[in-house]
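**Q** I am sharing final.cif, which consists of mmCIF, C-alpha atoms (C1' of nucleotides):
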```
data_coords
loop_
_atom_site.label_atom_id
_atom_site.label_comp_id
_atom_site.auth_asym_id
_atom_site.auth_seq_id
_atom_site.Cartn_x
_atom_site.Cartn_y
_atom_site.Cartn_z
CA MET M 1 237.86 -103.98 171.09
CA PRO M 2 236.73 -102.80 174.42
CA ALA M 3 235.30 -99.32 174.26
CA GLY M 4 231.53 -99.41 174.12
CA PRO M 5 229.57 -96.30 173.19
CA ASP M 6 229.72 -95.18 176.80
CA ARG M 7 233.48 -95.12 176.71
CA GLU M 8 233.44 -93.20 173.47
CA GLN M 9 231.19 -90.61 175.06
CA ALA M 10 233.48 -90.32 178.07
CA VAL M 11 236.53 -89.82 175.87
CA PHE M 12 235.01 -87.11 173.69
CA SER M 13 233.57 -85.35 176.73
CA ALA M 14 236.92 -85.50 178.46
CA LEU M 15 238.61 -83.96 175.45
CA ALA M 16 236.06 -81.16 175.16
CA ASP M 17 237.41 -79.03 178.00
CA PRO M 18 240.56 -76.96 177.50
CA THR M 19 241.73 -77.31 181.10
CA ARG M 20 241.27 -81.05 180.84
CA ARG M 21 243.29 -81.14 177.65
CA ALA M 22 246.01 -79.19 179.42
CA VAL M 23 245.93 -81.69 182.27
CA LEU M 24 246.15 -84.57 179.84
CA ARG M 25 249.09 -82.98 178.06
CA SER M 26 250.97 -82.41 181.30
CA VAL M 27 250.32 -85.94 182.53
CA ALA M 28 251.25 -87.43 179.17
CA SER M 29 254.53 -85.56 179.04
CA GLY M 30 255.28 -86.32 182.66
CA GLU M 31 255.58 -82.65 183.58
CA ALA M 32 253.14 -83.12 186.42
CA VAL M 33 251.64 -86.32 187.71
CA THR M 34 249.81 -85.32 190.89
CA ALA M 35 246.80 -83.10 191.40
CA THR M 36 248.83 -80.62 193.42
CA GLU M 37 251.57 -80.39 190.80
CA LEU M 38 249.03 -79.92 188.05
CA ALA M 39 247.19 -77.23 189.99
CA ALA M 40 250.47 -75.34 190.37
CA ARG M 41 250.80 -75.21 186.58
CA LEU M 42 247.20 -74.29 185.92
CA PRO M 43 244.99 -71.35 186.84
CA VAL M 44 242.60 -73.50 188.85
CA SER M 45 242.45 -75.03 192.29
CA ARG M 46 243.67 -78.46 193.24
CA GLN M 47 240.11 -79.69 193.68
CA ALA M 48 239.19 -78.55 190.19
CA VAL M 49 242.13 -80.51 188.81
CA GLN M 50 241.04 -83.47 190.88
CA LYS M 51 237.61 -83.43 189.28
CA HIS M 52 239.15 -83.19 185.83
CA LEU M 53 241.39 -86.13 186.63
CA ALA M 54 238.34 -88.09 187.73
CA GLN M 55 236.75 -87.54 184.33
CA LEU M 56 239.95 -88.43 182.54
CA GLU M 57 240.13 -91.61 184.59
CA ASP M 58 236.52 -92.33 183.75
CA ALA M 59 237.48 -92.11 180.09
CA ARG M 60 240.44 -94.37 180.85
CA LEU M 61 242.79 -91.72 179.52
CA VAL M 62 244.75 -91.60 182.76
CA ASP M 63 245.26 -94.04 185.59
CA GLY M 64 245.92 -92.95 189.17
CA GLU M 65 248.04 -94.91 191.59
CA ARG M 66 248.44 -94.10 195.23
CA VAL M 67 252.09 -93.87 196.30
CA GLY M 68 252.49 -92.97 199.92
CA ARG M 69 250.56 -89.79 200.46
CA GLU M 70 250.69 -88.92 196.76
CA THR M 71 248.48 -90.09 193.93
CA ARG M 72 250.59 -90.30 190.81
CA CYS M 73 248.79 -90.31 187.48
CA ALA M 74 249.89 -92.07 184.34
CA ALA M 75 248.39 -91.68 180.87
CA THR M 76 246.78 -94.53 178.96
CA PRO M 77 246.82 -94.33 175.17
CA ALA M 78 244.15 -96.80 174.08
CA PRO M 79 240.98 -94.66 174.29
CA LEU M 80 242.65 -91.89 172.32
CA GLY M 81 243.31 -94.31 169.49
CA ASP M 82 239.69 -95.33 169.70
CA ALA M 83 238.52 -91.74 169.29
CA ILE M 84 240.86 -91.35 166.34
CA ALA M 85 239.35 -94.49 164.84
CA TRP M 86 235.88 -92.97 165.10
CA MET M 87 237.01 -89.77 163.40
CA THR M 88 238.79 -91.51 160.57
CA ALA M 89 235.78 -93.76 160.04
CA VAL M 90 233.47 -90.76 159.73
CA GLY M 91 235.99 -88.88 157.61
CA ALA M 92 236.36 -91.81 155.26
CA GLN M 93 232.63 -91.72 154.61
CA TRP M 94 232.69 -88.33 153.01
CA ASP M 95 236.02 -88.69 151.36
CA GLU M 96 234.50 -91.61 149.51
CA ARG M 97 231.38 -89.59 148.96
CA LEU M 98 233.40 -86.86 147.34
CA ALA M 99 235.23 -89.41 145.22
CA VAL M 100 231.91 -90.78 143.97
CA LEU M 101 230.64 -87.29 143.31
CA GLY M 102 233.79 -86.47 141.40
CA ALA M 103 233.42 -89.58 139.27
CA ALA M 104 229.75 -88.81 138.63
CA VAL M 105 230.53 -85.45 137.09
CA GLY M 106 233.58 -86.84 135.34
CA ARG M 107 236.16 -84.74 137.11
CA LYS M 108 237.94 -84.78 140.44
CA PRO M 109 236.90 -82.45 143.21
CA GLY M 110 239.45 -79.75 143.65
CA GLY M 111 240.48 -78.46 147.05
CA HIS M 112 238.05 -80.31 149.21
CA ALA M 113 240.53 -80.62 152.06
CA THR M 114 240.56 -76.92 152.64
CA GLY M 115 237.71 -75.54 154.40
CA MET Z 1 247.31 -72.42 158.83
CA PRO Z 2 243.70 -73.04 159.56
CA ALA Z 3 242.90 -74.12 163.06
CA GLY Z 4 243.80 -71.61 165.70
CA PRO Z 5 243.26 -72.65 169.31
CA ASP Z 6 239.70 -71.36 169.07
CA ARG Z 7 238.96 -73.68 166.21
CA GLU Z 8 240.42 -76.58 168.10
CA GLN Z 9 238.11 -75.82 171.00
CA ALA Z 10 235.14 -75.63 168.66
CA VAL Z 11 235.97 -78.98 167.10
CA PHE Z 12 236.39 -80.85 170.38
CA SER Z 13 233.25 -79.25 171.79
CA ALA Z 14 231.32 -80.18 168.67
CA LEU Z 15 232.45 -83.77 168.97
CA ALA Z 16 231.54 -83.99 172.64
CA ASP Z 17 227.79 -84.33 172.16
CA PRO Z 18 226.35 -87.71 171.04
CA THR Z 19 223.50 -86.14 169.07
CA ARG Z 20 226.00 -83.91 167.31
CA ARG Z 21 228.16 -86.90 166.46
CA ALA Z 22 225.09 -88.64 165.06
CA VAL Z 23 224.33 -85.56 162.98
CA LEU Z 24 227.90 -85.46 161.73
CA ARG Z 25 227.78 -89.14 160.82
CA SER Z 26 224.53 -88.75 158.92
CA VAL Z 27 225.75 -85.71 157.05
CA ALA Z 28 229.06 -87.35 156.27
CA SER Z 29 227.43 -90.46 154.88
CA GLY Z 30 224.87 -88.45 152.98
CA GLU Z 31 221.93 -90.15 154.71
CA ALA Z 32 220.47 -86.81 155.61
CA VAL Z 33 221.63 -83.37 154.57
CA THR Z 34 218.90 -81.01 155.78
CA ALA Z 35 217.80 -80.13 159.30
CA THR Z 36 214.36 -81.61 158.68
CA GLU Z 37 215.74 -84.89 157.35
CA LEU Z 38 218.13 -85.16 160.26
CA ALA Z 39 215.39 -84.45 162.78
CA ALA Z 40 213.33 -87.26 161.27
CA ARG Z 41 216.17 -89.70 162.03
CA LEU Z 42 216.88 -88.40 165.50
CA PRO Z 43 214.87 -88.17 168.72
CA VAL Z 44 215.04 -84.38 168.80
CA SER Z 45 213.24 -81.48 167.18
CA ARG Z 46 214.25 -79.74 163.97
CA GLN Z 47 215.34 -76.67 165.88
CA ALA Z 48 217.60 -78.72 168.11
CA VAL Z 49 219.24 -80.20 165.02
CA GLN Z 50 219.56 -76.72 163.62
CA LYS Z 51 221.48 -75.58 166.68
CA HIS Z 52 223.74 -78.61 166.48
CA LEU Z 53 224.40 -77.86 162.83
CA ALA Z 54 225.30 -74.30 163.78
CA GLN Z 55 227.95 -75.58 166.16
CA LEU Z 56 229.27 -78.04 163.59
CA GLU Z 57 229.48 -75.20 161.10
CA ASP Z 58 231.25 -73.10 163.69
CA ALA Z 59 233.83 -75.88 163.97
CA ARG Z 60 233.98 -75.97 160.17
CA LEU Z 61 233.00 -79.62 160.22
CA VAL Z 62 229.97 -79.05 157.99
CA ASP Z 63 229.07 -76.38 155.49
CA GLY Z 64 225.46 -75.40 154.72
CA GLU Z 65 224.31 -74.20 151.32
CA ARG Z 66 220.85 -72.87 150.57
CA VAL Z 67 219.22 -74.63 147.60
CA GLY Z 68 215.75 -73.33 146.89
CA ARG Z 69 213.84 -73.64 150.13
CA GLU Z 70 216.21 -76.26 151.48
CA THR Z 71 219.55 -75.84 153.23
CA ARG Z 72 221.73 -78.77 152.28
CA CYS Z 73 224.72 -79.53 154.47
CA ALA Z 74 228.02 -80.99 153.37
CA ALA Z 75 230.81 -82.27 155.58
CA THR Z 76 234.30 -80.79 155.61
CA PRO Z 77 237.15 -83.09 156.62
CA ALA Z 78 239.97 -80.70 157.50
CA PRO Z 79 239.18 -79.86 161.17
CA LEU Z 80 238.78 -83.54 161.99
CA GLY Z 81 242.30 -84.18 160.79
CA ASP Z 82 243.45 -81.32 162.96
CA ALA Z 83 241.82 -82.83 166.04
CA ILE Z 84 243.47 -86.13 165.21
CA ALA Z 85 246.76 -84.30 164.94
CA TRP Z 86 246.33 -82.95 168.46
CA MET Z 87 245.56 -86.40 169.84
CA THR Z 88 248.50 -88.01 168.13
CA ALA Z 89 250.75 -85.22 169.34
CA VAL Z 90 249.71 -85.85 172.94
CA GLY Z 91 249.60 -89.59 172.54
CA ALA Z 92 253.00 -89.75 170.89
CA GLN Z 93 254.49 -88.58 174.16
CA TRP Z 94 253.76 -91.86 175.80
CA ASP Z 95 252.94 -94.25 173.01
CA GLU Z 96 254.82 -94.74 169.81
CA ARG Z 97 251.89 -96.40 168.13
CA LEU Z 98 249.96 -93.14 168.11
CA ALA Z 99 252.98 -91.38 166.63
CA VAL Z 100 252.67 -93.75 163.69
CA LEU Z 101 248.98 -92.92 163.42
CA GLY Z 102 249.89 -89.28 163.39
CA ALA Z 103 252.17 -89.83 160.44
CA ALA Z 104 249.33 -91.63 158.68
CA VAL Z 105 247.16 -88.55 158.99
CA GLY Z 106 249.89 -86.52 157.41
CA ARG Z 107 250.67 -84.34 160.38
CA LYS Z 108 253.79 -84.02 162.43
CA PRO Z 109 253.16 -84.94 166.06
CA GLY Z 110 256.04 -82.81 167.24
CA GLY Z 111 255.20 -79.26 166.42
CA HIS Z 112 251.51 -78.93 167.00
CA ALA Z 113 251.00 -79.43 170.67
CA THR Z 114 249.84 -75.92 171.35
CA GLY Z 115 246.39 -75.17 172.57
"C1'" DG B 1 253.44 -87.39 219.36
"C1'" DT B 2 252.67 -83.41 216.90
"C1'" DG B 3 252.61 -80.66 212.93
"C1'" DT B 4 252.23 -80.39 208.08
"C1'" DC B 5 251.33 -81.81 203.51
"C1'" DG B 6 248.57 -84.02 200.09
"C1'" DC B 7 244.15 -86.21 199.05
"C1'" DG B 8 239.34 -87.11 198.74
"C1'" DC B 9 234.71 -85.98 199.60
"C1'" DA B 10 230.58 -82.75 199.85
"C1'" DA B 11 228.09 -78.53 199.42
"C1'" DC B 12 227.30 -74.69 196.94
"C1'" DC B 13 227.24 -71.23 192.94
"C1'" DG B 14 227.09 -68.95 188.39
"C1'" DA B 15 227.37 -69.97 183.60
"C1'" DT B 16 226.69 -72.85 179.88
"C1'" DT B 17 224.19 -76.38 177.43
"C1'" DG B 18 220.77 -79.20 175.06
"C1'" DG B 19 216.24 -79.03 174.32
"C1'" DT B 20 211.57 -77.18 173.80
"C1'" DT B 21 207.71 -74.05 171.99
"C1'" DG B 22 206.24 -70.12 169.39
"C1'" DC B 23 206.44 -66.98 165.67
"C1'" DC B 24 207.77 -65.09 161.29
"C1'" DT B 25 209.95 -65.37 156.49
"C1'" DA B 26 210.53 -67.46 152.01
"C1'" DT B 27 210.08 -70.83 148.48
"C1'" DA B 28 207.42 -74.49 145.79
"C1'" DG B 29 203.04 -75.92 144.04
"C1'" DG B 30 197.82 -76.14 143.23
"C1'" DC O 1 196.61 -65.80 144.64
"C1'" DC O 2 196.64 -69.10 148.55
"C1'" DT O 3 198.44 -72.96 150.96
"C1'" DA O 4 201.68 -76.01 152.63
"C1'" DT O 5 206.42 -76.91 153.51
"C1'" DA O 6 211.41 -75.84 154.93
"C1'" DG O 7 214.13 -72.49 157.53
"C1'" DG O 8 215.67 -69.22 160.79
"C1'" DC O 9 215.41 -66.58 165.19
"C1'" DA O 10 214.22 -65.68 170.00
"C1'" DA O 11 212.60 -66.80 174.48
"C1'" DC O 12 212.45 -69.90 177.92
"C1'" DC O 13 213.63 -74.05 180.93
"C1'" DA O 14 215.81 -77.83 183.51
"C1'" DA O 15 220.07 -80.09 183.85
"C1'" DT O 16 224.79 -80.26 183.62
"C1'" DC O 17 229.40 -78.21 184.07
"C1'" DG O 18 233.53 -75.94 185.73
"C1'" DG O 19 234.95 -73.92 189.61
"C1'" DT O 20 235.10 -72.53 194.47
"C1'" DT O 21 235.35 -73.15 199.66
"C1'" DG O 22 235.35 -76.03 203.68
"C1'" DC O 23 236.27 -80.18 206.17
"C1'" DG O 24 238.16 -84.59 207.63
"C1'" DC O 25 241.63 -88.16 207.04
"C1'" DG O 26 245.99 -90.67 206.09
"C1'" DA O 27 251.06 -90.33 205.49
"C1'" DC O 28 255.64 -88.22 205.97
"C1'" DA O 29 259.01 -85.25 208.88
"C1'" DC O 30 260.49 -83.48 212.92
#
```
Here is the file; what I need is its structure written in the form of C-alpha cells.
**A**
Amino acid sequence: MPAGPDREQAVFSALADPTRRAVLRSVASGEAVTATELAARLPVSRQAVQKHLAQLEDARLVDGERVGRETRCAATPAPLGDAIAWMTAVGAQWDERLAVLGAAVGRKPGGHATG
Amino acid sequence: MPAGPDREQAVFSALADPTRRAVLRSVASGEAVTATELAARLPVSRQAVQKHLAQLEDARLVDGERVGRETRCAATPAPLGDAIAWMTAVGAQWDERLAVLGAAVGRKPGGHATG
DNA sequence: GTGTCGCGCAACCGATTGGTTGCCTATAGG
DNA sequence: CCTATAGGCAACCAATCGGTTGCGCGACAC
C-alpha cells in the first residue's frame, strides 16, 4: 500500500477539475497522449494542458515519457483504485449505520440509496 | 437518473478538500452530526464547517434535518457510487481490474463516461 | 545549417476558495 | 421572562487555482 495521505489529496484534487478529468479520459483512452494533441481537443491552451498534466502526474494518475521531441503520456490505474477504496470505506460506514438503525427500530430502511 | 454532469462536478469538488473529507467521514460514521460537534473535532470554526456541509449537501452527499435547535446531518451514499462509476469507467479503459471493481459497485463502466 | 515544431519554464491576471469575525434569529431551560 | 446555546447569513481576507502570454531550448525535416 503506497499512497500516503498526501497522495490521496493529490488524487482527489486532480479529479476535482473538469478539464483535468477530460484530459485523464483522453489519455486513458489513448485518444491523445501529448500536450499538443490534448490542447487541440480541448478549449484551452497547450500550456494549460501541460499544467493539468503536471498535477495528474503528481497524483501518479499519468506518467510522461519523452520520445524524441514529444512527451507521450500514459495513464496509471493504481491511485484511482486507491480513491475508490477510500470512498467505499466511507460508504460502508453509513451503510452499516443504516443497517444498525434499521435493526434498532425493527424494520429495514426503505430507499436509502436514493437521494 | 440522478447525477447530471453538474452533480458529478459537485461530488468531485466536495471530495477534493481534506477538511470536507474529514467532515464526511465523521458524519458517515456518526461521530458527529451537527456543525458544532464537527467543529469541536476539527481545527476550524463552526462557520467553516457549516460552509463545508453546504457543499456536501449540494453534492447530495449529506442531508441536514432540523431537530429542535439542532441541525443533524445524515450521509447519503448514492453520489459516491456515481463518482466511483466514473472512475471505473475511465480506469476500465486501461486496466481490467478497475472494470471488475466497477461491476462490484453495480454500475456498467461502458455507458457512463460522459461528463 | 536553417527553419519549424513541440516542450518546458516563468510571469502575470482574474476568479474562486477556505477561512475568519460579526451579527441576528430561534429554541431549550432556569 | 431572561439567558445561554445552536444555527444561519453576510462581509471580508489571504491564498490558491485555472488560464493566458511570452520566451528560450532541444529535436526533426528540409
**Q** Could you give me, as CSV, a per-residue list for chain B showing, wherever an atom lies at most 12 Å from an atom of chain Z, the closest pair of atoms and their distance in Å to one decimal, using all atoms listed in the file and sorting by chain then residue number from low to high?
**A**
```
residue,atom,partner,partner_atom,distance
B:DT17,C1',Z:Asp17,CA,10.2
B:DG18,C1',Z:Ala48,CA,7.7
B:DG19,C1',Z:Ala48,CA,6.4
B:DT20,C1',Z:Ser45,CA,8.1
B:DT21,C1',Z:Gln47,CA,10.1
B:DG22,C1',Z:Gln47,CA,11.7
B:DT25,C1',Z:Arg69,CA,11.1
B:DA26,C1',Z:Arg69,CA,7.3
B:DT27,C1',Z:Arg69,CA,5.0
B:DA28,C1',Z:Arg69,CA,7.8
```
**Q** Can you write out the residues you just picked, keeping C-alpha atoms (C1' of nucleotides), as a compact mmCIF listing (two decimals), in the frame of the given file?
**A**
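part-v1.txt written:
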```txt
# COMPACT_ATOMS: atom_id res chain seq x y z
C1' DT B 17 224.19 -76.38 177.43
C1' DG B 18 220.77 -79.20 175.06
C1' DG B 19 216.24 -79.03 174.32
C1' DT B 20 211.57 -77.18 173.80
C1' DT B 21 207.71 -74.05 171.99
C1' DG B 22 206.24 -70.12 169.39
C1' DT B 25 209.95 -65.37 156.49
C1' DA B 26 210.53 -67.46 152.01
C1' DT B 27 210.08 -70.83 148.48
C1' DA B 28 207.42 -74.49 145.79
```
**Q** If the PyMOL selection byres ((chain Z and resi 15) around 9) were run on this exact file, what residues would it hold? Put them as a ChimeraX atom specification.
**A** /M:12-13,15-16 /Z:10-14,16-18,20-21,24,56
**Q** Could you tell me how far atom CA of M:Val90 sits from atom C1' of O:DA6, in Å to one decimal place?
**A**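 The value is 27.1 Å.
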**Q** List as a PyMOL selection string the protein and nucleic acid residues near M:Gln93, meaning an atom at most 9 Å away when only C-alpha atoms (C1' of nucleotides) are counted, but skip any in the same chain fewer than 5 places from it.
**A** (chain M and resi 88+98) or (chain Z and resi 25+28-30)
**Q** Choose the residue, out of M:Ser26, M:Ala40, M:Ala89, M:Gln55, that has the smallest atom-to-atom separation from chain O; count all atoms listed in the file.
**A**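 Among M:Ser26, M:Ala40, M:Ala89, M:Gln55, it is M:Gln55 that comes nearest to chain O.
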**Q** Which chain O residues are at most 9 Å from chain M (counting all atoms listed in the file), as a VMD selection string?
**A** chain O and resid 18 to 20 26 to 28
**Q** Just the number, please: distance in Å from atom C1' of B:DG14 to atom CA of M:Ala22, one decimal.
**A**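 So the answer is 23.3 Å.
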**Q** What is the atom C1' of B:DG6-atom CA of M:Ala35 distance in Å, reported with one decimal?
**A** 8.9 Å
**Q** Here's the selection I'm unsure about, the PyMOL selection byres ((chain O and resi 9) around 10); applied to the file above, which residues does it give, as an MDAnalysis selection string?
**A** (chainID B and resid 23:24) or (chainID O and resid 7:8 10:11)
**Q** May I ask which of the residues Z:Arg72, Z:Glu37, Z:Glu65, Z:Ala83 is the closest one to chain M, counting only C-alpha atoms?
**A**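 Result for the nearest residue to chain M: Z:Ala83.
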**Q** Quick one: everything within 7 Å of Z:Ala75, counting only C-alpha atoms (C1' of nucleotides), minus sequence neighbours fewer than 6 positions away in the same chain. Send it as a list in words.
**A** Trp94 of chain M; Val27, Ala28, Leu61, Val62 and Asp63 of chain Z
**Q** For chain Z, which residue out of M:Pro43, M:Gly91, M:Gly64, M:Pro79 is the nearest one, using only C-alpha atoms?
**A**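 Using only C-alpha atoms, the shortest distance to chain Z belongs to M:Gly91.
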**Q** Using the structure just given, write a file holding N, CA and C atoms for stretch 36-50 of chain Z, as a PDB file, in the first residue's frame.
**A**
```pdb
ATOM      1  N   THR Z  36     -21.656  22.131  15.089  1.00  0.00           N
ATOM      2  CA  THR Z  36     -20.924  22.421  16.323  1.00  0.00           C
ATOM      3  C   THR Z  36     -20.084  21.228  16.759  1.00  0.00           C
ATOM      4  N   GLU Z  37     -20.663  20.040  16.713  1.00  0.00           N
ATOM      5  CA  GLU Z  37     -19.922  18.830  17.069  1.00  0.00           C
ATOM      6  C   GLU Z  37     -18.730  18.631  16.151  1.00  0.00           C
ATOM      7  N   LEU Z  38     -18.966  18.831  14.860  1.00  0.00           N
ATOM      8  CA  LEU Z  38     -17.896  18.656  13.886  1.00  0.00           C
ATOM      9  C   LEU Z  38     -16.775  19.657  14.119  1.00  0.00           C
ATOM     10  N   ALA Z  39     -17.155  20.887  14.403  1.00  0.00           N
ATOM     11  CA  ALA Z  39     -16.156  21.933  14.619  1.00  0.00           C
ATOM     12  C   ALA Z  39     -15.290  21.619  15.835  1.00  0.00           C
ATOM     13  N   ALA Z  40     -15.887  20.954  16.816  1.00  0.00           N
ATOM     14  CA  ALA Z  40     -15.139  20.591  18.020  1.00  0.00           C
ATOM     15  C   ALA Z  40     -14.049  19.578  17.689  1.00  0.00           C
ATOM     16  N   ARG Z  41     -14.292  18.742  16.664  1.00  0.00           N
ATOM     17  CA  ARG Z  41     -13.335  17.697  16.301  1.00  0.00           C
ATOM     18  C   ARG Z  41     -12.357  18.159  15.228  1.00  0.00           C
ATOM     19  N   LEU Z  42     -12.557  19.334  14.716  1.00  0.00           N
ATOM     20  CA  LEU Z  42     -11.724  19.793  13.616  1.00  0.00           C
ATOM     21  C   LEU Z  42     -11.064  21.110  13.970  1.00  0.00           C
ATOM     22  N   PRO Z  43      -9.968  21.438  13.300  1.00  0.00           N
ATOM     23  CA  PRO Z  43      -9.230  22.669  13.607  1.00  0.00           C
ATOM     24  C   PRO Z  43      -9.802  23.902  12.916  1.00  0.00           C
ATOM     25  N   VAL Z  44     -11.097  23.913  12.670  1.00  0.00           N
ATOM     26  CA  VAL Z  44     -11.704  25.079  12.024  1.00  0.00           C
ATOM     27  C   VAL Z  44     -12.946  25.513  12.792  1.00  0.00           C
ATOM     28  N   SER Z  45     -13.435  26.685  12.448  1.00  0.00           N
ATOM     29  CA  SER Z  45     -14.586  27.239  13.151  1.00  0.00           C
ATOM     30  C   SER Z  45     -15.885  26.564  12.730  1.00  0.00           C
ATOM     31  N   ARG Z  46     -16.932  26.814  13.524  1.00  0.00           N
ATOM     32  CA  ARG Z  46     -18.237  26.238  13.215  1.00  0.00           C
ATOM     33  C   ARG Z  46     -18.723  26.722  11.851  1.00  0.00           C
ATOM     34  N   GLN Z  47     -18.520  27.968  11.562  1.00  0.00           N
ATOM     35  CA  GLN Z  47     -18.994  28.516  10.298  1.00  0.00           C
ATOM     36  C   GLN Z  47     -18.294  27.896   9.095  1.00  0.00           C
ATOM     37  N   ALA Z  48     -17.022  27.590   9.284  1.00  0.00           N
ATOM     38  CA  ALA Z  48     -16.288  26.922   8.205  1.00  0.00           C
ATOM     39  C   ALA Z  48     -16.897  25.545   7.944  1.00  0.00           C
ATOM     40  N   VAL Z  49     -17.164  24.830   9.038  1.00  0.00           N
ATOM     41  CA  VAL Z  49     -17.806  23.514   8.901  1.00  0.00           C
ATOM     42  C   VAL Z  49     -19.145  23.667   8.204  1.00  0.00           C
ATOM     43  N   GLN Z  50     -19.860  24.680   8.585  1.00  0.00           N
ATOM     44  CA  GLN Z  50     -21.179  24.918   8.012  1.00  0.00           C
ATOM     45  C   GLN Z  50     -21.105  25.086   6.497  1.00  0.00           C
TER      46      GLN Z  50
END
```
